[in-house]
Amino acid sequence: MNKKLKQITTYTLFSFITNVVYGFILYFVFTWLSGYSQLYAYMGNLVLIIAVLAIDEYTLKMLQSEKFVAKLKKEKDPEKSYRFIQQALNNIGSFKADLYLFYVIVLVLSQVVQFYPTLVGENLVNFILANNYSILFLIAFDALIGQFSKDRTKMKNILEKLKQSLDENQG
């Protein structure tokens, strides 16, 4: 039980830290771009969402690649490197989950700010209200990426079956 509690605490702490870091980055990018245009600020937010999803997906694919495994085997102590990766992956989740949590919090805060706009400064109010629908973009884009991956797998299977059928008919 103690190990599980430690794992949950580590996961929660890491998730909190990544959300705070992402929030600060997003806030500063947003305020910088909103100096030019609110549209630029909103588009900057969308670009950050796409970038984070792409980096998260790339990281997961990279960890599963043969190239990564080969590099891991060449390490001085591959077992130690594996244990480090195992510990890291057991104690953290994907950044995508943290991103969802961040935008859920923004969505809740947007309701609070709508009822009590004087609760926080004007820049923060603008930031929260401009990003309250970003979770919809996140969900839609994440679903689109997932569907694209499923479609690619389906098409690959269809082509393999078609190729097998053609090879059987020729042989």
# chains A, B, ... in the order shown; residues from 1 in each chain; ligands from 1
$ residues_around --residues "Asn131 in chain A" --least-positions-apart "6" --cutoff "12 Å" --atoms "only C-alpha atoms" --output "NGL selection string"
:A and (23 or 26-27 or 30 or 38-39 or 41-46 or 48-49 or 102-111 or 124-125 or 137-138)
$ residues_around --residues "Asp142 in chain A" --least-positions-apart "3" --cutoff "10 Å" --atoms "only C-alpha atoms" --output "list in words"
Ile49, Ile50, Leu53, Ala54, Lys96, Leu136, Phe137, Leu138, Ile139, Ile145, Gly146, Gln147 and Phe148 of chain A
$ residues_around --residues "Ser81 in chain A" --least-positions-apart "5" --cutoff "12 Å" --atoms "only C-alpha atoms" --output "ChimeraX atom specification"
/A:68-69,71-76,86-88
$ write_last_selection --atoms "N, CA and C atoms" --output "PDB file, in the first residue's frame"
ATOM      1  N   PHE A  68      15.145   2.756 -30.660  1.00  0.00           N
ATOM      2  CA  PHE A  68      15.320   3.087 -29.247  1.00  0.00           C
ATOM      3  C   PHE A  68      15.782   1.866 -28.463  1.00  0.00           C
ATOM      4  N   VAL A  69      15.175   0.713 -28.756  1.00  0.00           N
ATOM      5  CA  VAL A  69      15.566  -0.529 -28.076  1.00  0.00           C
ATOM      6  C   VAL A  69      17.028  -0.854 -28.375  1.00  0.00           C
ATOM      7  N   LYS A  71      19.376   1.251 -29.165  1.00  0.00           N
ATOM      8  CA  LYS A  71      20.192   2.230 -28.452  1.00  0.00           C
ATOM      9  C   LYS A  71      20.271   1.873 -26.971  1.00  0.00           C
ATOM     10  N   LEU A  72      19.160   1.410 -26.420  1.00  0.00           N
ATOM     11  CA  LEU A  72      19.122   1.014 -25.014  1.00  0.00           C
ATOM     12  C   LEU A  72      20.036  -0.185 -24.759  1.00  0.00           C
ATOM     13  N   LYS A  73      20.061  -1.127 -25.691  1.00  0.00           N
ATOM     14  CA  LYS A  73      20.914  -2.311 -25.555  1.00  0.00           C
ATOM     15  C   LYS A  73      22.401  -1.953 -25.596  1.00  0.00           C
ATOM     16  N   LYS A  74      22.744  -0.874 -26.290  1.00  0.00           N
ATOM     17  CA  LYS A  74      24.141  -0.456 -26.411  1.00  0.00           C
ATOM     18  C   LYS A  74      24.638   0.322 -25.190  1.00  0.00           C
ATOM     19  N   GLU A  75      23.724   0.675 -24.297  1.00  0.00           N
ATOM     20  CA  GLU A  75      24.102   1.415 -23.097  1.00  0.00           C
ATOM     21  C   GLU A  75      25.109   0.605 -22.282  1.00  0.00           C
ATOM     22  N   LYS A  76      25.867   1.301 -21.453  1.00  0.00           N
ATOM     23  CA  LYS A  76      26.853   0.648 -20.589  1.00  0.00           C
ATOM     24  C   LYS A  76      26.169  -0.335 -19.641  1.00  0.00           C
ATOM     25  N   GLN A  86      11.507   2.474 -16.613  1.00  0.00           N
ATOM     26  CA  GLN A  86      10.357   1.817 -15.995  1.00  0.00           C
ATOM     27  C   GLN A  86       9.824   2.655 -14.835  1.00  0.00           C
ATOM     28  N   GLN A  87      10.708   3.138 -13.984  1.00  0.00           N
ATOM     29  CA  GLN A  87      10.292   3.956 -12.856  1.00  0.00           C
ATOM     30  C   GLN A  87       9.631   5.244 -13.344  1.00  0.00           C
ATOM     31  N   ALA A  88      10.221   5.860 -14.356  1.00  0.00           N
ATOM     32  CA  ALA A  88       9.659   7.104 -14.885  1.00  0.00           C
ATOM     33  C   ALA A  88       8.264   6.866 -15.463  1.00  0.00           C
TER      34      ALA A  88
END
$ decode --residues "range 32-61 of chain A" --atoms "N, CA and C atoms" --output "PDB file, in the first residue's frame"
ATOM      1  N   TRP A  32       1.730  37.779 -24.688  1.00  0.00           N
ATOM      2  CA  TRP A  32       2.630  38.358 -25.698  1.00  0.00           C
ATOM      3  C   TRP A  32       1.893  38.511 -27.027  1.00  0.00           C
ATOM      4  N   LEU A  33       1.216  37.429 -27.470  1.00  0.00           N
ATOM      5  CA  LEU A  33       0.524  37.488 -28.756  1.00  0.00           C
ATOM      6  C   LEU A  33      -0.716  38.378 -28.715  1.00  0.00           C
ATOM      7  N   SER A  34      -1.364  38.464 -27.563  1.00  0.00           N
ATOM      8  CA  SER A  34      -2.556  39.316 -27.487  1.00  0.00           C
ATOM      9  C   SER A  34      -2.187  40.793 -27.596  1.00  0.00           C
ATOM     10  N   GLY A  35      -0.910  41.123 -27.376  1.00  0.00           N
ATOM     11  CA  GLY A  35      -0.450  42.490 -27.615  1.00  0.00           C
ATOM     12  C   GLY A  35      -0.552  42.858 -29.080  1.00  0.00           C
ATOM     13  N   TYR A  36      -0.501  41.848 -29.946  1.00  0.00           N
ATOM     14  CA  TYR A  36      -0.659  42.067 -31.385  1.00  0.00           C
ATOM     15  C   TYR A  36      -2.115  41.902 -31.797  1.00  0.00           C
ATOM     16  N   SER A  37      -2.726  40.802 -31.313  1.00  0.00           N
ATOM     17  CA  SER A  37      -4.104  40.527 -31.700  1.00  0.00           C
ATOM     18  C   SER A  37      -4.646  39.386 -30.840  1.00  0.00           C
ATOM     19  N   GLN A  38      -5.914  39.467 -30.471  1.00  0.00           N
ATOM     20  CA  GLN A  38      -6.556  38.374 -29.727  1.00  0.00           C
ATOM     21  C   GLN A  38      -6.602  37.108 -30.581  1.00  0.00           C
ATOM     22  N   LEU A  39      -6.762  37.297 -31.890  1.00  0.00           N
ATOM     23  CA  LEU A  39      -6.779  36.143 -32.793  1.00  0.00           C
ATOM     24  C   LEU A  39      -5.428  35.434 -32.781  1.00  0.00           C
ATOM     25  N   TYR A  40      -4.345  36.203 -32.803  1.00  0.00           N
ATOM     26  CA  TYR A  40      -3.008  35.603 -32.731  1.00  0.00           C
ATOM     27  C   TYR A  40      -2.842  34.820 -31.428  1.00  0.00           C
ATOM     28  N   ALA A  41      -3.338  35.400 -30.345  1.00  0.00           N
ATOM     29  CA  ALA A  41      -3.233  34.738 -29.045  1.00  0.00           C
ATOM     30  C   ALA A  41      -4.005  33.416 -29.050  1.00  0.00           C
ATOM     31  N   TYR A  42      -5.194  33.428 -29.597  1.00  0.00           N
ATOM     32  CA  TYR A  42      -6.001  32.208 -29.674  1.00  0.00           C
ATOM     33  C   TYR A  42      -5.316  31.172 -30.567  1.00  0.00           C
ATOM     34  N   MET A  43      -4.796  31.613 -31.698  1.00  0.00           N
ATOM     35  CA  MET A  43      -4.106  30.688 -32.608  1.00  0.00           C
ATOM     36  C   MET A  43      -2.835  30.134 -31.952  1.00  0.00           C
ATOM     37  N   GLY A  44      -2.147  30.959 -31.177  1.00  0.00           N
ATOM     38  CA  GLY A  44      -0.975  30.492 -30.444  1.00  0.00           C
ATOM     39  C   GLY A  44      -1.337  29.380 -29.479  1.00  0.00           C
ATOM     40  N   ASN A  45      -2.482  29.511 -28.829  1.00  0.00           N
ATOM     41  CA  ASN A  45      -2.966  28.466 -27.932  1.00  0.00           C
ATOM     42  C   ASN A  45      -3.210  27.167 -28.698  1.00  0.00           C
ATOM     43  N   LEU A  46      -3.844  27.268 -29.844  1.00  0.00           N
ATOM     44  CA  LEU A  46      -4.115  26.071 -30.640  1.00  0.00           C
ATOM     45  C   LEU A  46      -2.824  25.409 -31.107  1.00  0.00           C
ATOM     46  N   VAL A  47      -1.848  26.227 -31.488  1.00  0.00           N
ATOM     47  CA  VAL A  47      -0.561  25.688 -31.917  1.00  0.00           C
ATOM     48  C   VAL A  47       0.124  24.960 -30.754  1.00  0.00           C
ATOM     49  N   LEU A  48       0.049  25.538 -29.555  1.00  0.00           N
ATOM     50  CA  LEU A  48       0.645  24.868 -28.396  1.00  0.00           C
ATOM     51  C   LEU A  48      -0.037  23.533 -28.098  1.00  0.00           C
ATOM     52  N   ILE A  49      -1.357  23.485 -28.228  1.00  0.00           N
ATOM     53  CA  ILE A  49      -2.075  22.230 -28.014  1.00  0.00           C
ATOM     54  C   ILE A  49      -1.607  21.178 -29.012  1.00  0.00           C
ATOM     55  N   ILE A  50      -1.542  21.565 -30.278  1.00  0.00           N
ATOM     56  CA  ILE A  50      -1.107  20.628 -31.316  1.00  0.00           C
ATOM     57  C   ILE A  50       0.330  20.181 -31.061  1.00  0.00           C
ATOM     58  N   ALA A  51       1.189  21.119 -30.685  1.00  0.00           N
ATOM     59  CA  ALA A  51       2.593  20.783 -30.430  1.00  0.00           C
ATOM     60  C   ALA A  51       2.725  19.798 -29.272  1.00  0.00           C
ATOM     61  N   VAL A  52       1.982  20.035 -28.201  1.00  0.00           N
ATOM     62  CA  VAL A  52       2.058  19.138 -27.042  1.00  0.00           C
ATOM     63  C   VAL A  52       1.538  17.745 -27.403  1.00  0.00           C
ATOM     64  N   LEU A  53       0.435  17.685 -28.128  1.00  0.00           N
ATOM     65  CA  LEU A  53      -0.088  16.378 -28.539  1.00  0.00           C
ATOM     66  C   LEU A  53       0.896  15.653 -29.452  1.00  0.00           C
ATOM     67  N   ALA A  54       1.517  16.391 -30.355  1.00  0.00           N
ATOM     68  CA  ALA A  54       2.491  15.782 -31.272  1.00  0.00           C
ATOM     69  C   ALA A  54       3.718  15.286 -30.513  1.00  0.00           C
ATOM     70  N   ILE A  55       4.224  16.079 -29.594  1.00  0.00           N
ATOM     71  CA  ILE A  55       5.386  15.670 -28.805  1.00  0.00           C
ATOM     72  C   ILE A  55       5.056  14.452 -27.956  1.00  0.00           C
ATOM     73  N   ASP A  56       3.878  14.453 -27.343  1.00  0.00           N
ATOM     74  CA  ASP A  56       3.461  13.314 -26.522  1.00  0.00           C
ATOM     75  C   ASP A  56       3.371  12.044 -27.369  1.00  0.00           C
ATOM     76  N   GLU A  57       2.761  12.152 -28.524  1.00  0.00           N
ATOM     77  CA  GLU A  57       2.610  10.993 -29.417  1.00  0.00           C
ATOM     78  C   GLU A  57       3.975  10.521 -29.920  1.00  0.00           C
ATOM     79  N   TYR A  58       4.835  11.465 -30.286  1.00  0.00           N
ATOM     80  CA  TYR A  58       6.178  11.119 -30.761  1.00  0.00           C
ATOM     81  C   TYR A  58       6.972  10.394 -29.665  1.00  0.00           C
ATOM     82  N   THR A  59       6.877  10.892 -28.447  1.00  0.00           N
ATOM     83  CA  THR A  59       7.598  10.269 -27.331  1.00  0.00           C
ATOM     84  C   THR A  59       7.150   8.831 -27.131  1.00  0.00           C
ATOM     85  N   LEU A  60       5.851   8.599 -27.165  1.00  0.00           N
ATOM     86  CA  LEU A  60       5.337   7.231 -26.976  1.00  0.00           C
ATOM     87  C   LEU A  60       5.769   6.316 -28.119  1.00  0.00           C
ATOM     88  N   LYS A  61       5.732   6.815 -29.343  1.00  0.00           N
ATOM     89  CA  LYS A  61       6.172   6.007 -30.487  1.00  0.00           C
ATOM     90  C   LYS A  61       7.674   5.749 -30.429  1.00  0.00           C
TER      91      LYS A  61
END
